[in-house]
Amino acid sequence: MSEMAQSNQDYLNTLLQRLHSLLEGRFHKFVDEQIRAIEETKVKINKRKGVISFIRVFPAFMTAVENMLVGLDSNLALRRTIDREYDRILKSMFDSLMVIAREHPAAGVASGAADPEDKEALNFHILLIENMNHFIEDTDTRGLEVLEDWKEQASREYHEHMGLYLNAVMRRPLGKLLDHLENIEAQIQTGKSPTAIAGQPSNSKLIFNKILSYYDSKEVRKGIEALRKRVEKHFGDADDPALSRGLVQNVTRECETFYNEVESRIGRVTTDVYGGEVAFEWPRADVKAAFR
């Protein structure tokens, strides 16, 4: 069109400009319809549905569009138009997912305002993890900046909700221990001396030993086995079996990392607050064996 505009073919130039405007308008209208469909998608948070339709469809849609543009000069206006529409669609997709959080009272769990074991709140985190994982795994950005930006956003959402999910599910196998560690760590953060903390009846060495003694080899293995089954139940029935298996493995690895961090936290509290003198040790080998 740029070449035609510089020629003396006024009629053809006018015709092409009109056709271009018509097609561009139709494409914009098409995208408007897709965005409207995305925004009208209903998701019941109290019943897990796996990957939401528009998250599942977008990678295929993007691939179809990009296959038509192979060899396109990246400096052309068409490239900018496509990228702008990608951005509109993806913003609508991500906003629609976040609407669930804004509208649901259980979203307060992110700020500690709700019970972390609340089933509906847990389902929300599962939904976000599943959908962000699917987007990350299935979206080939082809080096396009707009898609790279949204993939980074998906990664941030994935890790944020993975952290919230772990904090919730770990309450079942490790609740008493976590409560104790968090109480001591919070006091250390405020600048309270280790001696003063250890001098509190609820944080005495005797109480710490009693809590640690509960988490013997048998109890730790039992907790991890139940946790593995729970993770499988939460993430093992996604639409794509391969992605589902991969996600279960990823979440299980995150759970193992959490357990390893708990061991480190116990070590710091033991050293800093109780002078390294406690009667019970965290069963490290059993944790490793249970996850293996």
# chains A, B, ... in the order shown; residues from 1 in each chain; ligands from 1
>>> select_by_dssp(residues="region 8-256 of chain A", states="alpha helix (DSSP H)", output="ChimeraX atom specification")
/A:10-39,53-68,77-103,119-138,145-169,171-189,194-198,205-214,217-235,241-256
>>> residues_around(residues="region 234-251 of chain A", least_positions_apart="4", cutoff="9 Å", atoms="only C-alpha atoms", output="list of chain:residue names")
A:Arg48, A:Lys49, A:Gly50, A:Val51, A:Asn123, A:Ile126, A:Ile129, A:Glu130, A:Asn133, A:His134, A:Glu137, A:Met162, A:Leu166, A:Arg228, A:Lys229, A:Arg230, A:Cys255, A:Glu256
>>> closest_residue(among="A:Glu225, A:Ile266, A:Ala279, A:Leu76", to="Phe291 (chain A)", atoms="only C-alpha atoms")
A:Glu225
>>> residues_around(residues="Leu23 (chain A)", least_positions_apart="6", cutoff="12 Å", atoms="only C-alpha atoms", output="mmCIF file with N, CA and C atoms, in the first residue's frame")
data_model
loop_
_atom_site.group_PDB
_atom_site.id
_atom_site.type_symbol
_atom_site.label_atom_id
_atom_site.label_comp_id
_atom_site.auth_asym_id
_atom_site.auth_seq_id
_atom_site.Cartn_x
_atom_site.Cartn_y
_atom_site.Cartn_z
ATOM 1 N N LEU A 16 -7.773 0.521 -2.311
ATOM 2 C CA LEU A 16 -7.017 -0.261 -1.342
ATOM 3 C C LEU A 16 -7.154 0.313 0.073
ATOM 4 N N GLN A 17 -7.147 1.630 0.174
ATOM 5 C CA GLN A 17 -7.296 2.269 1.488
ATOM 6 C C GLN A 17 -8.643 1.925 2.108
ATOM 7 N N LYS A 29 -13.704 -5.515 15.250
ATOM 8 C CA LYS A 29 -15.016 -5.971 15.713
ATOM 9 C C LYS A 29 -14.951 -7.425 16.170
ATOM 10 N N PHE A 30 -14.207 -8.246 15.413
ATOM 11 C CA PHE A 30 -14.038 -9.651 15.776
ATOM 12 C C PHE A 30 -13.402 -9.772 17.167
ATOM 13 N N LEU A 78 0.626 -3.618 10.316
ATOM 14 C CA LEU A 78 -0.158 -4.810 10.642
ATOM 15 C C LEU A 78 0.382 -5.491 11.896
ATOM 16 N N THR A 81 -0.778 -3.632 14.829
ATOM 17 C CA THR A 81 -2.215 -3.847 15.026
ATOM 18 C C THR A 81 -2.473 -5.174 15.724
#
>>> residues_around(residues="region 86-93 of chain A", least_positions_apart="4", cutoff="8 Å", atoms="only C-alpha atoms", output="ChimeraX atom specification")
/A:31,34-35,38-39,54-55,82,97,146-147,150
>>> residues_around(residues="region 58-67 of chain A", least_positions_apart="4", cutoff="8 Å", atoms="only C-alpha atoms", output="PDB file with N, CA and C atoms, in the first residue's frame")
ATOM      1  N   PHE A  54     -11.177 -19.860  27.723  1.00  0.00           N
ATOM      2  CA  PHE A  54     -10.420 -18.872  26.954  1.00  0.00           C
ATOM      3  C   PHE A  54      -8.907 -19.013  27.168  1.00  0.00           C
ATOM      4  N   PHE A 135      -1.192 -21.511  30.579  1.00  0.00           N
ATOM      5  CA  PHE A 135      -0.802 -20.390  29.715  1.00  0.00           C
ATOM      6  C   PHE A 135       0.708 -20.380  29.495  1.00  0.00           C
ATOM      7  N   ASP A 138       1.764 -23.585  27.304  1.00  0.00           N
ATOM      8  CA  ASP A 138       1.214 -23.729  25.948  1.00  0.00           C
ATOM      9  C   ASP A 138       1.413 -22.508  25.050  1.00  0.00           C
ATOM     10  N   THR A 139       1.783 -21.373  25.617  1.00  0.00           N
ATOM     11  CA  THR A 139       1.910 -20.163  24.807  1.00  0.00           C
ATOM     12  C   THR A 139       3.332 -19.997  24.304  1.00  0.00           C
ATOM     13  N   ASP A 140       3.489 -20.134  22.993  1.00  0.00           N
ATOM     14  CA  ASP A 140       4.780 -19.888  22.347  1.00  0.00           C
ATOM     15  C   ASP A 140       4.815 -18.416  21.949  1.00  0.00           C
TER      16      ASP A 140
END
>>> closest_residue(among="A:Lys210, A:Lys233, A:Lys218, A:Lys119", to="Val278 (chain A)", atoms="only C-alpha atoms")
A:Lys210
>>> atom_distance(atom1="CA of Thr252 (chain A)", atom2="CA of Ala186 (chain A)")
27.4 Å
>>> residues_around(residues="Arg172 (chain A)", least_positions_apart="2", cutoff="9 Å", atoms="only C-alpha atoms", output="short mmCIF file (atom, residue, chain, number, x, y, z; two decimals) with N, CA, C and O atoms, in the first residue's frame")
data_model
loop_
_atom_site.label_atom_id
_atom_site.label_comp_id
_atom_site.auth_asym_id
_atom_site.auth_seq_id
_atom_site.Cartn_x
_atom_site.Cartn_y
_atom_site.Cartn_z
N GLU A 117 -7.37 -22.68 55.34
CA GLU A 117 -7.88 -23.99 54.96
C GLU A 117 -9.28 -23.90 54.35
O GLU A 117 -9.88 -24.92 54.04
N ALA A 168 -1.54 -22.78 52.72
CA ALA A 168 -2.82 -23.35 53.14
C ALA A 168 -2.72 -24.85 53.38
O ALA A 168 -3.07 -25.34 54.46
N VAL A 169 -2.21 -25.60 52.39
CA VAL A 169 -2.23 -27.07 52.53
C VAL A 169 -1.24 -27.57 53.58
O VAL A 169 -1.42 -28.66 54.14
N MET A 170 -0.21 -26.79 53.88
CA MET A 170 0.77 -27.23 54.87
C MET A 170 0.23 -27.15 56.30
O MET A 170 0.84 -27.69 57.23
N LEU A 174 1.54 -29.81 59.15
CA LEU A 174 2.57 -29.12 59.93
C LEU A 174 2.03 -27.96 60.77
O LEU A 174 2.81 -27.12 61.23
N GLY A 175 0.73 -27.91 60.97
CA GLY A 175 0.10 -26.73 61.58
C GLY A 175 0.70 -26.29 62.90
O GLY A 175 1.07 -25.13 63.08
N LYS A 176 0.82 -27.21 63.87
CA LYS A 176 1.33 -26.83 65.20
C LYS A 176 2.75 -26.30 65.12
O LYS A 176 3.10 -25.30 65.77
N GLY A 223 2.21 -37.59 57.16
CA GLY A 223 1.78 -36.28 56.68
C GLY A 223 2.11 -36.05 55.22
O GLY A 223 1.30 -35.51 54.46
N LEU A 227 -0.32 -35.55 52.03
CA LEU A 227 -0.13 -34.34 51.23
C LEU A 227 0.00 -34.68 49.75
O LEU A 227 -0.58 -34.01 48.89
#
>>> atom_distance(atom1="CA of Ala290 (chain A)", atom2="CA of His159 (chain A)")
24.2 Å
